[in-house]
$ cat model33.cif   # mmCIF, C-alpha atoms
data_target
#
loop_
_atom_site.label_atom_id
_atom_site.label_comp_id
_atom_site.auth_asym_id
_atom_site.auth_seq_id
_atom_site.Cartn_x
_atom_site.Cartn_y
_atom_site.Cartn_z
CA MET A 1 175.78 46.50 172.15
CA GLN A 2 173.82 47.18 175.29
CA GLY A 3 170.66 45.29 176.03
CA GLY A 4 167.38 46.88 175.03
CA THR A 5 164.66 46.71 172.41
CA SER A 6 165.06 45.86 168.75
CA GLU A 7 162.80 48.57 167.30
CA LEU A 8 165.68 50.11 165.33
CA THR A 9 167.26 46.89 164.08
CA GLY A 10 168.40 47.38 160.51
CA ARG A 11 168.57 51.16 160.88
CA ARG A 12 171.82 53.07 160.46
CA ALA A 13 172.28 56.05 162.78
CA LEU A 14 174.89 58.80 162.48
CA ILE A 15 175.56 60.82 165.64
CA THR A 16 177.84 63.84 165.51
CA GLY A 17 179.83 64.68 168.62
CA GLY A 18 179.23 61.05 169.51
CA GLY A 19 182.46 60.58 171.43
CA SER A 20 181.29 62.17 174.69
CA GLY A 21 178.46 63.85 176.55
CA ILE A 22 175.00 63.92 174.98
CA GLY A 23 176.28 62.43 171.73
CA GLU A 24 177.76 59.39 173.44
CA ALA A 25 174.56 58.90 175.41
CA CYS A 26 172.55 59.08 172.17
CA ALA A 27 174.83 56.55 170.49
CA ARG A 28 174.35 54.18 173.41
CA ALA A 29 170.58 54.66 173.46
CA LEU A 30 170.21 54.06 169.72
CA ALA A 31 172.53 51.05 169.75
CA GLY A 32 170.54 49.69 172.67
CA ARG A 33 167.46 49.79 170.46
CA GLY A 34 169.18 47.85 167.70
CA ALA A 35 170.58 50.57 165.42
CA HIS A 36 173.98 50.33 163.82
CA VAL A 37 175.70 53.50 165.02
CA VAL A 38 178.26 55.67 163.29
CA VAL A 39 180.04 57.76 165.90
CA ALA A 40 181.30 61.00 164.35
CA ASP A 41 183.74 63.10 166.34
CA VAL A 42 186.82 65.25 165.85
CA ASP A 43 188.42 63.31 168.73
CA ALA A 44 189.58 60.07 167.11
CA ALA A 45 190.24 58.21 170.36
CA ALA A 46 186.81 59.09 171.74
CA ALA A 47 184.98 58.14 168.54
CA GLU A 48 186.83 54.84 168.26
CA ARG A 49 186.25 53.97 171.93
CA VAL A 50 182.50 54.50 171.79
CA ALA A 51 182.15 52.81 168.40
CA ALA A 52 184.10 49.78 169.56
CA GLU A 53 181.97 49.41 172.68
CA LEU A 54 178.78 49.52 170.60
CA ASP A 55 179.92 47.39 167.63
CA GLY A 56 179.57 50.49 165.49
CA GLU A 57 181.78 52.61 163.27
CA ALA A 58 183.94 55.62 164.02
CA TRP A 59 184.00 58.59 161.66
CA VAL A 60 186.78 61.00 162.57
CA VAL A 61 185.72 64.33 161.07
CA ASP A 62 186.22 68.05 161.61
CA LEU A 63 182.75 69.44 160.95
CA THR A 64 184.06 73.01 160.93
CA ASP A 65 185.74 72.18 157.61
CA THR A 66 182.44 72.72 155.84
CA PRO A 67 183.72 72.78 152.22
CA ARG A 68 184.64 69.10 152.59
CA LEU A 69 181.02 68.27 153.45
CA GLU A 70 179.44 70.00 150.46
CA GLY A 71 179.66 67.17 147.93
CA MET A 72 178.90 64.40 150.39
CA ARG A 73 176.08 61.86 150.23
CA LEU A 74 175.22 60.02 153.44
CA ASP A 75 173.64 56.60 153.78
CA ALA A 76 171.82 56.98 157.09
CA ASP A 77 168.30 56.29 158.30
CA ILE A 78 168.84 58.44 161.39
CA LEU A 79 170.87 61.63 161.71
CA VAL A 80 171.51 63.20 165.10
CA ASN A 81 173.15 66.62 164.75
CA ASN A 82 174.69 67.07 168.17
CA ALA A 83 178.26 68.39 167.87
CA GLY A 84 178.75 71.74 169.53
CA ILE A 85 181.09 74.09 171.32
CA GLN A 86 180.65 77.12 173.54
CA THR A 87 182.33 80.48 174.05
CA VAL A 88 181.25 82.96 176.73
CA ALA A 89 182.13 86.60 176.07
CA PRO A 90 180.44 90.00 175.59
CA ILE A 91 179.61 90.84 171.98
CA GLU A 92 182.12 93.70 171.80
CA GLN A 93 184.88 91.28 172.86
CA PHE A 94 183.67 88.27 170.86
CA ASP A 95 186.24 87.19 168.28
CA PRO A 96 184.64 87.32 164.81
CA GLU A 97 186.54 84.27 163.61
CA ARG A 98 185.29 82.28 166.60
CA PHE A 99 181.74 83.45 165.85
CA ARG A 100 182.00 82.20 162.26
CA LEU A 101 183.52 78.89 163.36
CA MET A 102 180.72 78.23 165.85
CA LEU A 103 178.07 78.91 163.20
CA ASP A 104 179.90 76.60 160.79
CA LEU A 105 179.90 73.78 163.33
CA MET A 106 176.40 74.18 164.75
CA LEU A 107 174.39 75.47 161.78
CA VAL A 108 176.19 75.13 158.44
CA ALA A 109 177.44 71.58 159.14
CA PRO A 110 173.95 70.33 160.20
CA PHE A 111 172.52 71.84 156.99
CA LEU A 112 175.15 70.07 154.88
CA LEU A 113 174.66 66.75 156.67
CA ILE A 114 170.88 66.97 156.31
CA ARG A 115 171.36 67.85 152.65
CA ALA A 116 173.62 64.81 152.25
CA ALA A 117 171.28 62.41 154.07
CA LEU A 118 167.90 63.34 152.60
CA PRO A 119 168.25 61.67 149.17
CA GLU A 120 168.73 58.21 150.69
CA MET A 121 166.03 58.81 153.29
CA TYR A 122 163.63 59.93 150.55
CA ALA A 123 164.49 56.87 148.47
CA ARG A 124 163.60 54.59 151.38
CA GLY A 125 160.53 56.58 152.39
CA TRP A 126 161.71 56.79 156.00
CA GLY A 127 164.09 58.95 158.00
CA ARG A 128 164.59 60.54 161.38
CA ILE A 129 166.54 63.76 161.90
CA VAL A 130 167.08 65.04 165.42
CA ASN A 131 168.90 68.32 165.96
CA VAL A 132 170.24 68.70 169.47
CA SER A 133 169.50 72.37 170.01
CA SER A 134 169.20 73.97 173.44
CA VAL A 135 166.90 76.08 175.53
CA HIS A 136 169.08 78.75 173.93
CA GLY A 137 167.36 77.87 170.67
CA ILE A 138 164.21 79.50 172.06
CA ARG A 139 165.62 81.81 174.74
CA ALA A 140 168.67 84.05 174.93
CA SER A 141 171.34 84.55 177.56
CA ALA A 142 173.92 87.29 177.75
CA TYR A 143 177.48 86.59 176.61
CA LYS A 144 176.50 83.72 174.28
CA SER A 145 175.89 85.52 170.99
CA ALA A 146 177.31 82.84 168.68
CA TYR A 147 175.72 79.90 170.49
CA VAL A 148 172.27 81.51 170.72
CA THR A 149 172.45 82.62 167.09
CA ALA A 150 173.45 79.15 165.88
CA LYS A 151 170.77 77.39 167.93
CA HIS A 152 168.01 79.79 166.83
CA GLY A 153 169.06 79.11 163.24
CA LEU A 154 169.08 75.37 163.83
CA GLU A 155 165.47 75.56 165.04
CA GLY A 156 164.45 77.17 161.74
CA LEU A 157 166.43 74.70 159.66
CA SER A 158 164.79 71.81 161.51
CA LYS A 159 161.28 73.14 160.83
CA VAL A 160 161.95 73.63 157.12
CA THR A 161 163.37 70.10 156.96
CA ALA A 162 160.20 68.80 158.61
CA LEU A 163 157.98 70.52 156.05
CA GLU A 164 160.00 69.29 153.08
CA GLY A 165 160.47 65.78 154.45
CA ALA A 166 156.90 65.06 155.51
CA ALA A 167 155.77 63.68 152.16
CA HIS A 168 158.77 61.34 152.14
CA GLY A 169 158.36 59.78 155.58
CA VAL A 170 161.13 61.89 157.09
CA THR A 171 160.67 63.68 160.41
CA SER A 172 162.82 66.48 161.81
CA ASN A 173 162.78 67.76 165.37
CA CYS A 174 164.85 69.77 167.81
CA VAL A 175 165.59 68.63 171.34
CA ASP A 176 166.15 71.63 173.60
CA PRO A 177 167.90 70.77 176.88
CA GLY A 178 168.82 73.18 179.61
CA TYR A 179 172.20 72.73 181.26
CA VAL A 180 173.36 69.12 180.97
CA ARG A 181 176.09 67.47 183.02
CA THR A 182 178.65 67.25 180.20
CA PRO A 183 182.26 68.34 179.56
CA LEU A 184 180.88 71.27 177.51
CA VAL A 185 179.01 72.65 180.52
CA GLU A 186 181.85 71.96 182.95
CA LYS A 187 184.22 73.95 180.73
CA GLN A 188 181.89 76.96 180.91
CA ILE A 189 182.11 77.37 184.66
CA ALA A 190 185.39 79.30 184.72
CA ASP A 191 184.25 81.55 181.83
CA GLN A 192 180.91 82.24 183.47
CA ALA A 193 182.61 83.09 186.77
CA ARG A 194 184.91 85.54 184.96
CA VAL A 195 182.26 87.42 182.96
CA HIS A 196 179.81 87.59 185.87
CA GLY A 197 182.45 88.37 188.51
CA ILE A 198 181.50 85.55 190.90
CA PRO A 199 183.36 82.53 192.33
CA GLU A 200 183.27 79.32 190.25
CA SER A 201 181.55 77.57 193.15
CA GLU A 202 178.48 79.80 192.66
CA VAL A 203 178.09 79.47 188.88
CA VAL A 204 175.79 76.42 188.77
CA GLU A 205 173.33 77.79 191.33
CA LYS A 206 173.42 81.51 190.49
CA ILE A 207 173.83 81.42 186.71
CA MET A 208 173.02 78.02 185.22
CA LEU A 209 169.99 77.10 187.29
CA THR A 210 168.58 80.51 188.10
CA GLU A 211 165.82 80.33 185.46
CA ALA A 212 164.96 76.65 185.92
CA ALA A 213 162.17 75.53 188.24
CA VAL A 214 163.86 72.14 188.74
CA LYS A 215 167.17 72.95 190.40
CA ARG A 216 169.51 70.33 189.04
CA LEU A 217 171.58 69.63 185.95
CA LEU A 218 170.07 67.36 183.33
CA GLU A 219 171.77 64.00 182.75
CA PRO A 220 172.89 63.02 179.22
CA ALA A 221 170.88 59.80 179.37
CA GLU A 222 167.68 61.79 179.92
CA VAL A 223 168.28 63.70 176.70
CA ALA A 224 169.20 60.51 174.86
CA ASP A 225 165.98 58.81 175.94
CA LEU A 226 163.92 61.52 174.21
CA VAL A 227 166.19 61.46 171.14
CA ALA A 228 165.76 57.69 170.86
CA TRP A 229 161.97 57.97 171.00
CA LEU A 230 162.02 60.63 168.27
CA CYS A 231 164.02 58.19 166.14
CA GLY A 232 161.64 55.31 166.72
CA PRO A 233 158.64 53.81 164.93
CA THR A 234 155.95 55.52 167.04
CA SER A 235 157.12 59.11 166.49
CA GLY A 236 155.95 59.60 162.92
CA MET A 237 153.57 62.42 163.85
CA ALA A 238 156.20 64.21 165.91
CA THR A 239 157.86 66.57 163.48
CA GLY A 240 158.75 70.24 163.14
CA ALA A 241 158.71 70.62 166.91
CA SER A 242 161.04 71.78 169.68
CA TRP A 243 161.05 69.25 172.52
CA VAL A 244 162.12 71.13 175.61
CA LEU A 245 163.94 69.54 178.55
CA ASP A 246 164.76 72.66 180.54
CA GLY A 247 163.32 72.08 184.00
CA GLY A 248 160.71 74.76 183.43
CA TRP A 249 163.09 77.52 182.25
CA SER A 250 161.02 78.41 179.17
CA ALA A 251 157.75 78.31 181.11
CA ARG A 252 158.59 81.78 182.42
#

$ encode --input "model33.cif" --output "structure tokens"
Amino acid sequence: MQGGTSELTGRRALITGGGSGIGEACARALAGRGAHVVVADVDAAAAERVAAELDGEAWVVDLTDTPRLEGMRLDADILVNNAGIQTVAPIEQFDPERFRLMLDLMLVAPFLLIRAALPEMYARGWGRIVNVSSVHGIRASAYKSAYVTAKHGLEGLSKVTALEGAAHGVTSNCVDPGYVRTPLVEKQIADQARVHGIPESEVVEKIMLTEAAVKRLLEPAEVADLVAWLCGPTSGMATGASWVLDGGWSAR
């Protein structure tokens, strides 16, 4: 475990998509504050690597297989719903099966995991749920119908969870980053170049950062720092909110 504070010692934190990108950064940040981390990822090698480095546990799981999550009960003090994928295509060309799969992963699975975690959180009178949404949870972009739909839905789910959980000491928030330097974003560059008809070298400047006032990609550790605070002991009044890290994009 990395050095840090001990404010989360004794807490058990489940992070989905924890094998890379924002999820890995969140696992490291929470472990650094003393939490025992469960790294959930479809990539077994990635989950096991991160878990081993943090003295945590790996949970190899395909969250798109939602029926297998329906009867589950989770023992977790902290739940970070982070796993996500992206597809860039016009609506008339968007594969319906892909649309359904993306909603399963980024909206149905978070609902089922929240549903599974709340009973234990309620029993303890304490819980922290952080849903890694996106600026696309509050704004739309062309060619991202499934992603924008899923993230808008996740924002609503998070707010309802906050209202229901408040009397039980459970908070629920969304963290809404702009473009983050992760494998997910890097994989988009070729798709964005294709649908917009520009060279890949121009995608970051002309597409990804065009709406942001701060002209750089966000780093995973910056997102994880906010997530860790929302999971901590001084964030009890922070609930039902969307915490935006978009470089000023949504200020427009």

$ residues_around --input "model33.cif" --residues "A:Leu79" --least-positions-apart "3" --cutoff "8 Å" --atoms "only C-alpha atoms" --output "MDAnalysis selection string"
chainID A and resid 13:15 76 114 117 128:130

$ closest_residue --input "model33.cif" --among "A:Leu101, A:Cys231, A:Ala224, A:Ala142" --to "A:Gly127" --atoms "only C-alpha atoms"
A:Cys231

$ residues_around --input "model33.cif" --residues "A:Val180" --least-positions-apart "2" --cutoff "12 Å" --atoms "all atoms listed in the file" --output "ChimeraX atom specification"
/A:21-23,25,132,134-135,176-178,182-188,204,208-209,215-224,245-247

$ write_last_selection --input "model33.cif" --atoms "C-alpha atoms" --output "tab-separated table (two decimals), in the coordinates of the input"
chain	number	residue	atom	x	y	z
A	21	GLY	CA	178.46	63.85	176.55
A	22	ILE	CA	175.00	63.92	174.98
A	23	GLY	CA	176.28	62.43	171.73
A	25	ALA	CA	174.56	58.90	175.41
A	132	VAL	CA	170.24	68.70	169.47
A	134	SER	CA	169.20	73.97	173.44
A	135	VAL	CA	166.90	76.08	175.53
A	176	ASP	CA	166.15	71.63	173.60
A	177	PRO	CA	167.90	70.77	176.88
A	178	GLY	CA	168.82	73.18	179.61
A	182	THR	CA	178.65	67.25	180.20
A	183	PRO	CA	182.26	68.34	179.56
A	184	LEU	CA	180.88	71.27	177.51
A	185	VAL	CA	179.01	72.65	180.52
A	186	GLU	CA	181.85	71.96	182.95
A	187	LYS	CA	184.22	73.95	180.73
A	188	GLN	CA	181.89	76.96	180.91
A	204	VAL	CA	175.79	76.42	188.77
A	208	MET	CA	173.02	78.02	185.22
A	209	LEU	CA	169.99	77.10	187.29
A	215	LYS	CA	167.17	72.95	190.40
A	216	ARG	CA	169.51	70.33	189.04
A	217	LEU	CA	171.58	69.63	185.95
A	218	LEU	CA	170.07	67.36	183.33
A	219	GLU	CA	171.77	64.00	182.75
A	220	PRO	CA	172.89	63.02	179.22
A	221	ALA	CA	170.88	59.80	179.37
A	222	GLU	CA	167.68	61.79	179.92
A	223	VAL	CA	168.28	63.70	176.70
A	224	ALA	CA	169.20	60.51	174.86
A	245	LEU	CA	163.94	69.54	178.55
A	246	ASP	CA	164.76	72.66	180.54
A	247	GLY	CA	163.32	72.08	184.00

$ residues_around --input "model33.cif" --residues "A:His36" --least-positions-apart "4" --cutoff "7 Å" --atoms "only C-alpha atoms" --output "mmCIF file with C-alpha atoms, in the frame of the given file"
data_model
loop_
_atom_site.group_PDB
_atom_site.id
_atom_site.type_symbol
_atom_site.label_atom_id
_atom_site.label_comp_id
_atom_site.auth_asym_id
_atom_site.auth_seq_id
_atom_site.Cartn_x
_atom_site.Cartn_y
_atom_site.Cartn_z
ATOM 1 C CA ARG A 11 168.570 51.160 160.880
ATOM 2 C CA ARG A 12 171.820 53.070 160.460
ATOM 3 C CA ALA A 13 172.280 56.050 162.780
ATOM 4 C CA ALA A 31 172.530 51.050 169.750
ATOM 5 C CA GLY A 56 179.570 50.490 165.490
#

$ resolve_selection --input "model33.cif" --expression "the PyMOL selection byres ((chain A and resi 172) around 12)" --output "ChimeraX atom specification"
/A:78-81,110,114,118,121,126-132,154-166,168-171,173-175,227,230-231,235-243

$ closest_residue --input "model33.cif" --among "A:Asp77, A:Glu24, A:Glu70, A:Asp65" --to "A:Glu48" --atoms "only C-alpha atoms"
A:Glu24

$ atom_distance --input "model33.cif" --atom1 "atom CA of A:Met106" --atom2 "atom CA of A:Glu202"
28.5 Å
